[in-house]
Amino acid sequence: MAQRRPDVVLWGAGMVAGVHAAACQSLDWPIRAVASRNAERAAQLARTIGAVPCSFDDVLAERRGDIAIVATPPAAHVDDAIRLLDAGYQVVVEAPIACTLADADRLIDAEQRVGRPVLYSEHLVASPVVDGLLADVDGIGALTHLSARAIQAPPTWRATSESDWGGGALFDLGVHPVGVTLRTAGEAGAGPPELLTAVVTDATTEREHATVRLHFASGLVATIVVGWQPGATPDWDVQASSAGGVLRAELYPLPSLEHNGEAVVTVSRPLGPSLVDDYGYAPQLKRFWTNIRTGRPVPATSQLGRQVLDVISAAHWSAGRNAIEVPLPFDGPRDRTPRQLLHAAP
């Protein structure tokens, strides 16, 4: 029997909401409503995709769909998601999950209270390339090397210093390589992360650059490098190696996966890779809905989002204190944003 397509509500009408709209269209899922704090932007996106523009209060007062996708700035994610959970929606929250660990805690409490998991939108872990990496990494033996890198131009659609984003490249950009690193280490049997050190240069500028060294229970030390570089073409990759093999996942500019130098996954489209299909936006939504309908565990919940934010918070704390070792889980202040942790008095 064919699975019923869900009706979708977009909570937010900015650039990221537009990407999620395209992912829904790729899946042939109807978008019933677009809500935004900016009525003009809601109307514009709704017009483009054939949906009804409305206010946040409208979406809460009357259920207009099965799934609500939260694509507001991170400082609003948790309050928005809790309101939607309480209104009866299945909820997807864009990364980063929140700006503070205290807020992430509140979201997990709300999930448990209503009995519905939130999908944390780390889209890359649902992409074909990272799917292949996660499927194959356990087969090459105990990892001796794991690294992830994400370098690109700073966002042009918002200021890099906006307070409702809570941090710079290590926060905004870093959540993605951190998420992929945690999932890869987990699939490889490296155990949980136990401590980290981090260095951030040119913090809160358009050239912020960060290096995080993440130590796992197995003894594996993963290196994560992220940074803004004005004018740069996005350059993202992940590499995992052992005594028995090497896996290299290229994410940007062209997704591909190699095992010992041989192609495992390649993307070949006349117009280049599809953002919604080849980078996981549509596959993650499809899995979320399938798992909800069949009673299977949701692939990436806000538990993963909080673990990523835990690493990000600890990394900012370390970088603000001359790269000291910081144990994980982070036991520092839970009510501060990454930027506040970086600049907090020792």
# chains A, B, ... in the order shown; residues from 1 in each chain; ligands from 1

call {"tool": "select_by_dssp", "arguments": {"residues": "segment 54-199 of chain A", "states": "strand (DSSP E)", "output": "PyMOL selection string"}}
result
chain A and resi 54+67-70+90-94+119-121+143-152+193-199

call {"tool": "residues_around", "arguments": {"residues": "Asn260 of chain A", "least_positions_apart": "2", "cutoff": "8 Å", "atoms": "only C-alpha atoms", "output": "number ranges by chain"}}
result
A: 245-247, 258, 262

call {"tool": "write_last_selection", "arguments": {"atoms": "N, CA and C atoms", "output": "short mmCIF file (atom, residue, chain, number, x, y, z; two decimals), in the first residue's frame"}}
result
data_model
loop_
_atom_site.label_atom_id
_atom_site.label_comp_id
_atom_site.auth_asym_id
_atom_site.auth_seq_id
_atom_site.Cartn_x
_atom_site.Cartn_y
_atom_site.Cartn_z
N GLY A 245 42.24 0.47 5.55
CA GLY A 245 41.59 1.15 4.44
C GLY A 245 41.38 2.63 4.69
N VAL A 246 40.99 3.31 3.61
CA VAL A 246 40.75 4.75 3.65
C VAL A 246 39.42 5.04 2.97
N LEU A 247 38.56 5.82 3.66
CA LEU A 247 37.32 6.31 3.08
C LEU A 247 37.41 7.84 3.00
N GLU A 258 35.00 7.76 -1.96
CA GLU A 258 36.01 6.81 -2.44
C GLU A 258 36.43 5.88 -1.30
N GLU A 262 39.02 4.13 -4.89
CA GLU A 262 38.04 3.67 -5.88
C GLU A 262 36.68 4.28 -5.59
#

call {"tool": "residues_around", "arguments": {"residues": "segment 182-195 of chain A", "least_positions_apart": "2", "cutoff": "6 Å", "atoms": "only C-alpha atoms", "output": "PyMOL selection string"}}
result
chain A and resi 134+137-138+179-180+215-218+326-328

call {"tool": "select_by_dssp", "arguments": {"residues": "segment 114-277 of chain A", "states": "alpha helix (DSSP H)", "output": "count of residues only"}}
result
30

call {"tool": "residues_around", "arguments": {"residues": "segment 231-240 of chain A", "least_positions_apart": "2", "cutoff": "8 Å", "atoms": "only C-alpha atoms", "output": "JSON, numbers by chain"}}
result
{"A": [137, 143, 144, 145, 146, 147, 148, 149, 150, 151, 152, 153, 177, 181, 229, 242, 246, 247, 248, 249, 250, 251, 252, 253]}

call {"tool": "write_last_selection", "arguments": {"atoms": "N, CA and C atoms", "output": "PDB file, in the first residue's frame"}}
result
ATOM      1  N   VAL A 137      32.134   2.443   7.088  1.00  0.00           N
ATOM      2  CA  VAL A 137      33.257   2.758   7.978  1.00  0.00           C
ATOM      3  C   VAL A 137      33.550   1.645   8.974  1.00  0.00           C
ATOM      4  N   LEU A 143      39.496   2.861  13.637  1.00  0.00           N
ATOM      5  CA  LEU A 143      39.990   4.078  12.996  1.00  0.00           C
ATOM      6  C   LEU A 143      41.247   4.598  13.684  1.00  0.00           C
ATOM      7  N   THR A 144      42.198   5.015  12.858  1.00  0.00           N
ATOM      8  CA  THR A 144      43.396   5.696  13.346  1.00  0.00           C
ATOM      9  C   THR A 144      43.386   7.172  12.951  1.00  0.00           C
ATOM     10  N   HIS A 145      42.466   7.543  12.060  1.00  0.00           N
ATOM     11  CA  HIS A 145      42.360   8.939  11.605  1.00  0.00           C
ATOM     12  C   HIS A 145      40.907   9.246  11.266  1.00  0.00           C
ATOM     13  N   LEU A 146      40.452  10.406  11.712  1.00  0.00           N
ATOM     14  CA  LEU A 146      39.136  10.905  11.314  1.00  0.00           C
ATOM     15  C   LEU A 146      39.234  12.428  11.272  1.00  0.00           C
ATOM     16  N   SER A 147      38.870  13.005  10.141  1.00  0.00           N
ATOM     17  CA  SER A 147      38.914  14.457  10.020  1.00  0.00           C
ATOM     18  C   SER A 147      37.742  14.929   9.178  1.00  0.00           C
ATOM     19  N   ALA A 148      37.306  16.148   9.477  1.00  0.00           N
ATOM     20  CA  ALA A 148      36.223  16.774   8.719  1.00  0.00           C
ATOM     21  C   ALA A 148      36.575  18.242   8.547  1.00  0.00           C
ATOM     22  N   ARG A 149      36.249  18.765   7.375  1.00  0.00           N
ATOM     23  CA  ARG A 149      36.613  20.152   7.074  1.00  0.00           C
ATOM     24  C   ARG A 149      35.470  20.823   6.339  1.00  0.00           C
ATOM     25  N   ALA A 150      35.203  22.097   6.693  1.00  0.00           N
ATOM     26  CA  ALA A 150      34.178  22.884   6.006  1.00  0.00           C
ATOM     27  C   ALA A 150      34.664  24.331   5.933  1.00  0.00           C
ATOM     28  N   ILE A 151      35.035  24.740   4.740  1.00  0.00           N
ATOM     29  CA  ILE A 151      35.486  26.109   4.489  1.00  0.00           C
ATOM     30  C   ILE A 151      34.587  26.705   3.421  1.00  0.00           C
ATOM     31  N   GLN A 152      34.081  27.895   3.647  1.00  0.00           N
ATOM     32  CA  GLN A 152      33.272  28.554   2.631  1.00  0.00           C
ATOM     33  C   GLN A 152      33.161  30.040   2.937  1.00  0.00           C
ATOM     34  N   ALA A 153      32.589  30.781   1.988  1.00  0.00           N
ATOM     35  CA  ALA A 153      32.358  32.208   2.202  1.00  0.00           C
ATOM     36  C   ALA A 153      31.316  32.399   3.297  1.00  0.00           C
ATOM     37  N   PRO A 177      30.005  19.593  10.171  1.00  0.00           N
ATOM     38  CA  PRO A 177      31.104  18.622  10.304  1.00  0.00           C
ATOM     39  C   PRO A 177      31.157  17.956  11.668  1.00  0.00           C
ATOM     40  N   THR A 181      31.019  13.977  12.044  1.00  0.00           N
ATOM     41  CA  THR A 181      32.113  13.338  12.779  1.00  0.00           C
ATOM     42  C   THR A 181      31.581  12.449  13.897  1.00  0.00           C
ATOM     43  N   GLN A 229      35.734  32.131   4.686  1.00  0.00           N
ATOM     44  CA  GLN A 229      36.784  32.657   3.819  1.00  0.00           C
ATOM     45  C   GLN A 229      36.105  33.438   2.700  1.00  0.00           C
ATOM     46  N   SER A 242      42.080   3.641   8.584  1.00  0.00           N
ATOM     47  CA  SER A 242      42.525   2.646   9.550  1.00  0.00           C
ATOM     48  C   SER A 242      43.722   1.937   8.940  1.00  0.00           C
ATOM     49  N   VAL A 246      40.992   3.308   3.607  1.00  0.00           N
ATOM     50  CA  VAL A 246      40.751   4.752   3.655  1.00  0.00           C
ATOM     51  C   VAL A 246      39.416   5.045   2.974  1.00  0.00           C
ATOM     52  N   LEU A 247      38.564   5.816   3.660  1.00  0.00           N
ATOM     53  CA  LEU A 247      37.321   6.312   3.076  1.00  0.00           C
ATOM     54  C   LEU A 247      37.408   7.836   3.004  1.00  0.00           C
ATOM     55  N   ARG A 248      37.136   8.376   1.832  1.00  0.00           N
ATOM     56  CA  ARG A 248      37.160   9.834   1.675  1.00  0.00           C
ATOM     57  C   ARG A 248      35.837  10.286   1.058  1.00  0.00           C
ATOM     58  N   ALA A 249      35.133  11.123   1.799  1.00  0.00           N
ATOM     59  CA  ALA A 249      33.868  11.669   1.315  1.00  0.00           C
ATOM     60  C   ALA A 249      34.070  13.135   0.960  1.00  0.00           C
ATOM     61  N   GLU A 250      33.874  13.447  -0.296  1.00  0.00           N
ATOM     62  CA  GLU A 250      33.901  14.838  -0.748  1.00  0.00           C
ATOM     63  C   GLU A 250      32.448  15.317  -0.746  1.00  0.00           C
ATOM     64  N   LEU A 251      32.173  16.426  -0.076  1.00  0.00           N
ATOM     65  CA  LEU A 251      30.804  16.924   0.006  1.00  0.00           C
ATOM     66  C   LEU A 251      30.586  18.133  -0.899  1.00  0.00           C
ATOM     67  N   TYR A 252      31.442  19.111  -0.794  1.00  0.00           N
ATOM     68  CA  TYR A 252      31.433  20.266  -1.694  1.00  0.00           C
ATOM     69  C   TYR A 252      32.834  20.434  -2.253  1.00  0.00           C
ATOM     70  N   PRO A 253      32.973  20.799  -3.521  1.00  0.00           N
ATOM     71  CA  PRO A 253      31.906  21.266  -4.420  1.00  0.00           C
ATOM     72  C   PRO A 253      31.132  20.156  -5.133  1.00  0.00           C
TER      73      PRO A 253
END

call {"tool": "atom_distance", "arguments": {"atom1": "atom CA of Val178 of chain A", "atom2": "atom CA of Gly305 of chain A"}}
result
10.2 Å

call {"tool": "residues_around", "arguments": {"residues": "segment 105-122 of chain A", "least_positions_apart": "3", "cutoff": "6 Å", "atoms": "only C-alpha atoms", "output": "PyMOL selection string"}}
result
chain A and resi 78+91-95+102+300-302+305

call {"tool": "residues_around", "arguments": {"residues": "Arg293 of chain A", "least_positions_apart": "4", "cutoff": "9 Å", "atoms": "only C-alpha atoms", "output": "PDB file with N, CA and C atoms, in the first residue's frame"}}
result
ATOM      1  N   GLN A   3       2.256   4.831   0.783  1.00  0.00           N
ATOM      2  CA  GLN A   3       2.209   5.638   1.999  1.00  0.00           C
ATOM      3  C   GLN A   3       1.585   6.996   1.715  1.00  0.00           C
ATOM      4  N   PHE A 288      12.092  10.433   7.993  1.00  0.00           N
ATOM      5  CA  PHE A 288      11.360  10.884   9.185  1.00  0.00           C
ATOM      6  C   PHE A 288       9.909  10.437   9.107  1.00  0.00           C
ATOM      7  N   TRP A 289       9.262  10.738   7.993  1.00  0.00           N
ATOM      8  CA  TRP A 289       7.851  10.397   7.843  1.00  0.00           C
ATOM      9  C   TRP A 289       7.649   8.882   7.796  1.00  0.00           C
TER      10      TRP A 289
END
